[in-house]
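Notes to accompany the following structure.
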Amino acid sequence: MSPKVSIQDLIDQLDQLEEEASTAIAATEDSESLEKVRIGYLGKKGRLSIVLGVMGTLPGNERPLVGQRANTLKKQLQGLLSERYKTLKQDALNELLEKETIDVTAQSSGVPIGNRHPLISTTEDIVDLFCGLGYRVAEGPEVELDQYNFTALNIPEDHPARDMQDTFYLDNHLLLRTHTSPVQIRYLEQNSPPVRIVAPGRVYRRDAVDATHSPVFHQVEVLAIDEGLDFSHLRGTVMAFLKSFFGDLPVRFRASYFPFTEPSAEVDVQWKGRWLEVMGCGMVDPAVLEGLGLDPEKWSGFAAGLGVERFCIARHGIDDIRRLYTSDLRFLEQF
């Protein structure tokens, strides 16, 4: 037979349990040890359960007093456990932050040096060559008005030349520019001749994607307006540029058609044993000058345009234009 326990004995045991549990909770240093303390005192076989198991030996009128004291103790210990868990969690976070602190003022080390993308470097080389010939850089918007992209360039709405350039149309007479020629019109509206500009930029056409075509590509165009300019000035400029870029290679001019130049020509370079078409050019059509309020009897000019991708592919021996847009490091690290 187990010894008889008085209500005071149980109250004293609960008081002692409160003191010991509070001390044990405060002494824990991590979540794992805190969980062991919780189980040791509040688990199904914990010390509080053992004390409550003896409560059945008390008279019926004394049991509620012990039960009330036990419930109060249980809530108290649960509160202490919760607060200690929060404290340990915050301490662990602070320790982690301190350990992983980065000195943003420290000098970097081991960072690989990047290179210019071949399209960017090719564009810069082309622009630099024309700047060396006395041209200045001009730029314009990629979302363009129909007026600047076509009409001001002698391409009215019913002109068959519009079929040559399948266009991405937007709302309110807006479109994605099909060439960088609108830059020339915008520049001449703001600047009186003589002018010599080079206009690099991204352009858009509804081309199917394959090894030699892309709906998004890059152009560089040049424009010169002055008194007394003729086709010999255009030919001399184009020849000087191409020989600087490709070297002393055979160059030929073939008669062609562009709605905003007359006469017009395509330019080929004999590259690696075959003729490679690289540029289009021509004398600015008098109708374009008149549309800008310039007297074609006084002013004349020439324009030329080229695709940067074609120059880049020729220079680096690239077999597929799509490689320029994939961001594949195995390809880009070669440059």
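Note on naming: chains are A, B, ... as they come in the structure tokens, residues start from 1 per chain, ligands start from 1 in the order shown.
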
**Study point:** Close residues, region 319-330 of chain A itself excluded, 12 Å, only C-alpha atoms, min 3 positions apart in chain, as number ranges by chain
**Key:** A: 114-115, 117-120, 122, 208-218, 307-316, 333-335

Kindly save the residues from that selection, with C-alpha atoms included, as a PDB file, in the first residue's frame.
ATOM      1  CA  GLY A 114      33.801  40.435 -68.711  1.00  0.00           C
ATOM      2  CA  ASN A 115      34.211  41.232 -72.412  1.00  0.00           C
ATOM      3  CA  HIS A 117      29.490  41.261 -76.689  1.00  0.00           C
ATOM      4  CA  PRO A 118      30.603  40.764 -80.317  1.00  0.00           C
ATOM      5  CA  LEU A 119      27.596  42.746 -81.588  1.00  0.00           C
ATOM      6  CA  ILE A 120      28.424  45.655 -79.303  1.00  0.00           C
ATOM      7  CA  THR A 122      31.335  45.454 -83.894  1.00  0.00           C
ATOM      8  CA  ALA A 208      11.258  34.259 -89.951  1.00  0.00           C
ATOM      9  CA  VAL A 209      14.055  33.187 -87.625  1.00  0.00           C
ATOM     10  CA  ASP A 210      16.746  31.110 -89.315  1.00  0.00           C
ATOM     11  CA  ALA A 211      20.529  30.994 -89.635  1.00  0.00           C
ATOM     12  CA  THR A 212      20.681  34.337 -91.488  1.00  0.00           C
ATOM     13  CA  HIS A 213      17.513  36.201 -90.424  1.00  0.00           C
ATOM     14  CA  SER A 214      16.047  37.585 -87.222  1.00  0.00           C
ATOM     15  CA  PRO A 215      12.996  39.799 -86.534  1.00  0.00           C
ATOM     16  CA  VAL A 216      15.248  41.956 -84.339  1.00  0.00           C
ATOM     17  CA  PHE A 217      18.614  43.096 -85.632  1.00  0.00           C
ATOM     18  CA  HIS A 218      20.949  46.098 -85.665  1.00  0.00           C
ATOM     19  CA  GLY A 307      23.477  45.402 -90.945  1.00  0.00           C
ATOM     20  CA  VAL A 308      25.768  44.994 -87.937  1.00  0.00           C
ATOM     21  CA  GLU A 309      25.064  41.257 -87.668  1.00  0.00           C
ATOM     22  CA  ARG A 310      26.396  40.637 -91.182  1.00  0.00           C
ATOM     23  CA  PHE A 311      29.627  42.506 -90.416  1.00  0.00           C
ATOM     24  CA  CYS A 312      29.980  40.669 -87.099  1.00  0.00           C
ATOM     25  CA  ILE A 313      29.399  37.254 -88.696  1.00  0.00           C
ATOM     26  CA  ALA A 314      31.911  37.976 -91.458  1.00  0.00           C
ATOM     27  CA  ARG A 315      34.575  39.245 -89.072  1.00  0.00           C
ATOM     28  CA  HIS A 316      34.333  36.354 -86.598  1.00  0.00           C
ATOM     29  CA  GLU A 333      33.715  33.350 -74.014  1.00  0.00           C
ATOM     30  CA  GLN A 334      35.444  33.019 -77.396  1.00  0.00           C
ATOM     31  CA  PHE A 335      35.409  36.786 -77.837  1.00  0.00           C
TER      32      PHE A 335
END

Would you write out, as a Markdown table, a table of all residues in region 65-130 of chain A that have an atom no more than 12 Å from an atom of region 244-262 of chain A, listing for each the closest atom pair and the distance in Å to one decimal, considering only C-alpha atoms and ordering rows by chain and rising residue number?
| residue | atom | partner | partner_atom | distance |
| --- | --- | --- | --- | --- |
| A:Thr122 | CA | A:Phe245 | CA | 9.8 |
| A:Thr123 | CA | A:Phe245 | CA | 11.4 |
| A:Glu124 | CA | A:Phe245 | CA | 11.7 |
| A:Asp125 | CA | A:Phe245 | CA | 8.2 |
| A:Ile126 | CA | A:Phe245 | CA | 7.6 |
| A:Val127 | CA | A:Phe245 | CA | 11.0 |
| A:Asp128 | CA | A:Phe245 | CA | 10.6 |
| A:Leu129 | CA | A:Ser244 | CA | 7.5 |
| A:Phe130 | CA | A:Ser244 | CA | 10.1 |

Expected file: the selected residues, N, CA and C atoms, as a PDB file, in the first residue's frame:
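Generated output (selection.pdb):
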ATOM      1  N   THR A 122      31.387  45.193 -82.454  1.00  0.00           N
ATOM      2  CA  THR A 122      31.335  45.454 -83.894  1.00  0.00           C
ATOM      3  C   THR A 122      30.671  46.794 -84.167  1.00  0.00           C
ATOM      4  N   THR A 123      29.566  47.067 -83.479  1.00  0.00           N
ATOM      5  CA  THR A 123      28.890  48.361 -83.635  1.00  0.00           C
ATOM      6  C   THR A 123      29.822  49.506 -83.272  1.00  0.00           C
ATOM      7  N   GLU A 124      30.519  49.372 -82.150  1.00  0.00           N
ATOM      8  CA  GLU A 124      31.426  50.433 -81.707  1.00  0.00           C
ATOM      9  C   GLU A 124      32.552  50.650 -82.712  1.00  0.00           C
ATOM     10  N   ASP A 125      33.071  49.560 -83.279  1.00  0.00           N
ATOM     11  CA  ASP A 125      34.141  49.708 -84.274  1.00  0.00           C
ATOM     12  C   ASP A 125      33.643  50.436 -85.521  1.00  0.00           C
ATOM     13  N   ILE A 126      32.431  50.084 -85.970  1.00  0.00           N
ATOM     14  CA  ILE A 126      31.860  50.739 -87.148  1.00  0.00           C
ATOM     15  C   ILE A 126      31.644  52.226 -86.890  1.00  0.00           C
ATOM     16  N   VAL A 127      31.041  52.529 -85.743  1.00  0.00           N
ATOM     17  CA  VAL A 127      30.767  53.930 -85.400  1.00  0.00           C
ATOM     18  C   VAL A 127      32.073  54.699 -85.255  1.00  0.00           C
ATOM     19  N   ASP A 128      33.080  54.090 -84.632  1.00  0.00           N
ATOM     20  CA  ASP A 128      34.368  54.772 -84.457  1.00  0.00           C
ATOM     21  C   ASP A 128      35.003  55.115 -85.801  1.00  0.00           C
ATOM     22  N   LEU A 129      34.875  54.203 -86.782  1.00  0.00           N
ATOM     23  CA  LEU A 129      35.459  54.469 -88.098  1.00  0.00           C
ATOM     24  C   LEU A 129      34.790  55.673 -88.758  1.00  0.00           C
ATOM     25  N   PHE A 130      33.469  55.760 -88.655  1.00  0.00           N
ATOM     26  CA  PHE A 130      32.787  56.912 -89.254  1.00  0.00           C
ATOM     27  C   PHE A 130      33.051  58.196 -88.474  1.00  0.00           C
TER      28      PHE A 130
END

Practice item. List every residue of region 280-332 of chain A that DSSP, applied to the backbone of this structure, assigns to strand (DSSP E or B), and report them as a ChimeraX atom specification. Key: /A:280-284,300-307

Contacts of Val51 (chain A) at 12 Å or less, counting only C-alpha atoms, minus same-chain residues fewer than 4 places along, as a PDB file with N, CA and C atoms, in the first residue's frame?
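Heads up, here's the output in selection.pdb:
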ATOM      1  N   VAL A   5      -0.634  10.666   1.079  1.00  0.00           N
ATOM      2  CA  VAL A   5      -0.043  11.977   0.792  1.00  0.00           C
ATOM      3  C   VAL A   5      -1.074  13.045   1.118  1.00  0.00           C
ATOM      4  N   ILE A   7      -2.564  17.059   1.085  1.00  0.00           N
ATOM      5  CA  ILE A   7      -2.679  18.130   0.099  1.00  0.00           C
ATOM      6  C   ILE A   7      -1.503  19.081   0.184  1.00  0.00           C
ATOM      7  N   ASP A   9       1.538  18.295   1.013  1.00  0.00           N
ATOM      8  CA  ASP A   9       2.701  17.662   0.373  1.00  0.00           C
ATOM      9  C   ASP A   9       2.681  17.916  -1.142  1.00  0.00           C
ATOM     10  N   LEU A  10       1.495  17.758  -1.734  1.00  0.00           N
ATOM     11  CA  LEU A  10       1.410  17.964  -3.182  1.00  0.00           C
ATOM     12  C   LEU A  10       1.633  19.420  -3.572  1.00  0.00           C
ATOM     13  N   ILE A  11       1.081  20.339  -2.782  1.00  0.00           N
ATOM     14  CA  ILE A  11       1.299  21.763  -3.066  1.00  0.00           C
ATOM     15  C   ILE A  11       2.780  22.086  -2.985  1.00  0.00           C
ATOM     16  N   ASP A  12       3.455  21.524  -1.944  1.00  0.00           N
ATOM     17  CA  ASP A  12       4.897  21.765  -1.805  1.00  0.00           C
ATOM     18  C   ASP A  12       5.674  21.201  -2.999  1.00  0.00           C
ATOM     19  N   GLN A  13       5.261  20.018  -3.478  1.00  0.00           N
ATOM     20  CA  GLN A  13       5.927  19.412  -4.643  1.00  0.00           C
ATOM     21  C   GLN A  13       5.737  20.266  -5.896  1.00  0.00           C
ATOM     22  N   LEU A  14       4.536  20.824  -6.052  1.00  0.00           N
ATOM     23  CA  LEU A  14       4.281  21.690  -7.214  1.00  0.00           C
ATOM     24  C   LEU A  14       5.095  22.975  -7.124  1.00  0.00           C
ATOM     25  N   ASP A  15       5.226  23.545  -5.900  1.00  0.00           N
ATOM     26  CA  ASP A  15       6.051  24.745  -5.731  1.00  0.00           C
ATOM     27  C   ASP A  15       7.511  24.461  -6.088  1.00  0.00           C
ATOM     28  N   GLN A  16       8.008  23.298  -5.613  1.00  0.00           N
ATOM     29  CA  GLN A  16       9.381  22.924  -5.900  1.00  0.00           C
ATOM     30  C   GLN A  16       9.565  22.679  -7.403  1.00  0.00           C
ATOM     31  N   LEU A  17       8.536  22.051  -8.010  1.00  0.00           N
ATOM     32  CA  LEU A  17       8.588  21.785  -9.448  1.00  0.00           C
ATOM     33  C   LEU A  17       8.652  23.089 -10.240  1.00  0.00           C
ATOM     34  N   TYR A  41       9.167  17.871 -17.993  1.00  0.00           N
ATOM     35  CA  TYR A  41       8.259  18.449 -17.008  1.00  0.00           C
ATOM     36  C   TYR A  41       6.788  18.376 -17.422  1.00  0.00           C
ATOM     37  N   LEU A  42       6.500  18.556 -18.724  1.00  0.00           N
ATOM     38  CA  LEU A  42       5.101  18.633 -19.145  1.00  0.00           C
ATOM     39  C   LEU A  42       4.670  17.473 -20.036  1.00  0.00           C
ATOM     40  N   LYS A  44       3.768  13.440 -21.202  1.00  0.00           N
ATOM     41  CA  LYS A  44       2.822  12.482 -20.617  1.00  0.00           C
ATOM     42  C   LYS A  44       3.424  11.748 -19.421  1.00  0.00           C
ATOM     43  N   LYS A  45       4.728  11.527 -19.444  1.00  0.00           N
ATOM     44  CA  LYS A  45       5.408  10.868 -18.327  1.00  0.00           C
ATOM     45  C   LYS A  45       6.297  11.848 -17.582  1.00  0.00           C
ATOM     46  N   GLY A  46       6.012  13.144 -17.744  1.00  0.00           N
ATOM     47  CA  GLY A  46       6.805  14.177 -17.096  1.00  0.00           C
ATOM     48  C   GLY A  46       6.510  14.291 -15.605  1.00  0.00           C
ATOM     49  N   ARG A  47       7.283  15.118 -14.955  1.00  0.00           N
ATOM     50  CA  ARG A  47       7.187  15.246 -13.500  1.00  0.00           C
ATOM     51  C   ARG A  47       5.850  15.823 -13.059  1.00  0.00           C
ATOM     52  N   MET A  55      -2.617  12.590  -7.056  1.00  0.00           N
ATOM     53  CA  MET A  55      -3.746  13.387  -6.582  1.00  0.00           C
ATOM     54  C   MET A  55      -4.963  12.513  -6.301  1.00  0.00           C
ATOM     55  N   GLY A  56      -5.045  11.308  -6.906  1.00  0.00           N
ATOM     56  CA  GLY A  56      -6.198  10.440  -6.705  1.00  0.00           C
ATOM     57  C   GLY A  56      -6.330   9.910  -5.287  1.00  0.00           C
ATOM     58  N   THR A  57      -5.255  10.017  -4.504  1.00  0.00           N
ATOM     59  CA  THR A  57      -5.302   9.530  -3.116  1.00  0.00           C
ATOM     60  C   THR A  57      -5.916  10.551  -2.171  1.00  0.00           C
ATOM     61  N   LEU A  58      -6.131  11.773  -2.667  1.00  0.00           N
ATOM     62  CA  LEU A  58      -6.690  12.821  -1.809  1.00  0.00           C
ATOM     63  C   LEU A  58      -8.198  12.691  -1.707  1.00  0.00           C
ATOM     64  N   VAL A  66      -5.697  21.153  -5.643  1.00  0.00           N
ATOM     65  CA  VAL A  66      -4.430  20.720  -6.245  1.00  0.00           C
ATOM     66  C   VAL A  66      -4.501  20.850  -7.768  1.00  0.00           C
ATOM     67  N   GLY A  67      -5.653  20.487  -8.347  1.00  0.00           N
ATOM     68  CA  GLY A  67      -5.809  20.588  -9.802  1.00  0.00           C
ATOM     69  C   GLY A  67      -5.665  22.020 -10.293  1.00  0.00           C
ATOM     70  N   ARG A  69      -3.991  24.444  -8.814  1.00  0.00           N
ATOM     71  CA  ARG A  69      -2.580  24.837  -8.703  1.00  0.00           C
ATOM     72  C   ARG A  69      -1.753  24.220  -9.828  1.00  0.00           C
ATOM     73  N   ALA A  70      -2.062  22.975 -10.200  1.00  0.00           N
ATOM     74  CA  ALA A  70      -1.326  22.299 -11.268  1.00  0.00           C
ATOM     75  C   ALA A  70      -1.579  22.959 -12.629  1.00  0.00           C
ATOM     76  N   LEU A  73       0.359  26.159 -12.805  1.00  0.00           N
ATOM     77  CA  LEU A  73       1.770  25.879 -13.041  1.00  0.00           C
ATOM     78  C   LEU A  73       2.019  25.490 -14.499  1.00  0.00           C
TER      79      LEU A  73
END

Practice item. Extract, using only C-alpha atoms, all DNA, RNA and protein residues at most 10 Å from His179 (chain A), discarding same-chain residues fewer than 3 positions from it, and format them as a list in words. Key: Glu142, Asn149, Phe150, Gln165, Leu176, Pro182, Val183, Pro200, Gly201, Arg202, Val203, Tyr204, Arg205, Phe217, His218, Gln219, Val220, Glu221, Gly305, Leu306 and Gly307 of chain A

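A straight line drawn from CA of Cys131 (chain A) to CA of Ser300 (chain A) is 20.6 Å long.
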
Practice item. Please return as a ChimeraX atom specification: the residues of region 163-323 of chain A that backbone DSSP assigns to alpha helix (DSSP H). Key: /A:181-190,231-246,286-291,308-316

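Every protein, DNA or RNA residue with an atom at most 8 Å from Pro194 (chain A), where only C-alpha atoms count and chain neighbours fewer than 6 positions away do not, is listed here: Ala224, Ile225, Asp226 and Glu227 of chain A.
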
Leaving out Leu174 (chain A) and any residue of its chain fewer than 2 positions from it, which residues lie within 9 Å of it when counting only C-alpha atoms, given as a short mmCIF file (atom, residue, chain, number, x, y, z; two decimals) with N, CA and C atoms, in the first residue's frame?
data_model
loop_
_atom_site.label_atom_id
_atom_site.label_comp_id
_atom_site.auth_asym_id
_atom_site.auth_seq_id
_atom_site.Cartn_x
_atom_site.Cartn_y
_atom_site.Cartn_z
N VAL A 143 10.32 52.92 -81.13
CA VAL A 143 8.89 53.00 -81.46
C VAL A 143 8.70 54.30 -82.22
N GLU A 144 8.37 54.18 -83.50
CA GLU A 144 8.42 55.32 -84.40
C GLU A 144 7.06 55.61 -85.01
N LEU A 145 6.90 56.83 -85.50
CA LEU A 145 5.69 57.22 -86.22
C LEU A 145 5.81 56.79 -87.68
N ASP A 146 4.68 56.42 -88.27
CA ASP A 146 4.65 56.07 -89.69
C ASP A 146 5.23 57.20 -90.54
N TYR A 169 3.23 46.78 -86.73
CA TYR A 169 2.44 47.98 -86.51
C TYR A 169 1.85 47.98 -85.10
N LEU A 170 1.78 49.18 -84.52
CA LEU A 170 1.16 49.39 -83.21
C LEU A 170 -0.06 50.29 -83.41
N ASP A 171 -0.61 50.79 -82.34
CA ASP A 171 -1.78 51.68 -82.42
C ASP A 171 -1.36 53.12 -82.72
N ASN A 172 -2.33 53.92 -83.16
CA ASN A 172 -2.16 55.36 -83.33
C ASN A 172 -1.00 55.72 -84.25
N LEU A 176 7.14 49.65 -84.86
CA LEU A 176 8.55 49.42 -84.52
C LEU A 176 9.36 49.71 -85.77
N ARG A 177 10.33 50.60 -85.64
CA ARG A 177 11.03 51.07 -86.83
C ARG A 177 11.68 49.92 -87.60
#

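The shortest atom-to-atom distance to Leu133 (chain A), with only C-alpha atoms taken into account, belongs to A:Thr237 out of A:Gln90, A:Thr237, A:Thr151, A:Gln8.
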
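In this structure, CA of Glu290 (chain A) sits 16.8 Å away from CA of Pro263 (chain A).
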
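Residue nearest Ile25 (chain A), chosen from A:Asn191, A:Gln76, A:Ser181, A:Ser264 and counting only C-alpha atoms: A:Gln76.
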
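For the atom pair formed by CA of Val284 (chain A) and CA of Ala303 (chain A), the distance is 6.4 Å, given to one decimal.
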
Review point. Which of these, A:Glu100, A:Pro286, A:Ala27, A:Ile318, has the shortest distance to Leu153 (chain A) once you count only C-alpha atoms?
Key: A:Pro286

Practice item. For Val137 (chain A), work out the shell of residues within 7 Å, counting only C-alpha atoms and skipping chain neighbours fewer than 4 positions away, then give it as a ChimeraX atom specification. Key: /A:197-199

How would the residues just chosen look if you wrote them out with N, CA and C atoms as a compact mmCIF listing (two decimals), in the first residue's frame?
# COMPACT_ATOMS: atom_id res chain seq x y z
N ILE A 197 26.15 62.60 -90.03
CA ILE A 197 25.78 61.83 -88.84
C ILE A 197 25.89 60.33 -89.12
N VAL A 198 26.11 59.57 -88.04
CA VAL A 198 26.06 58.12 -88.09
C VAL A 198 25.04 57.69 -87.04
N ALA A 199 24.09 56.84 -87.44
CA ALA A 199 22.97 56.47 -86.58
C ALA A 199 22.95 54.96 -86.36
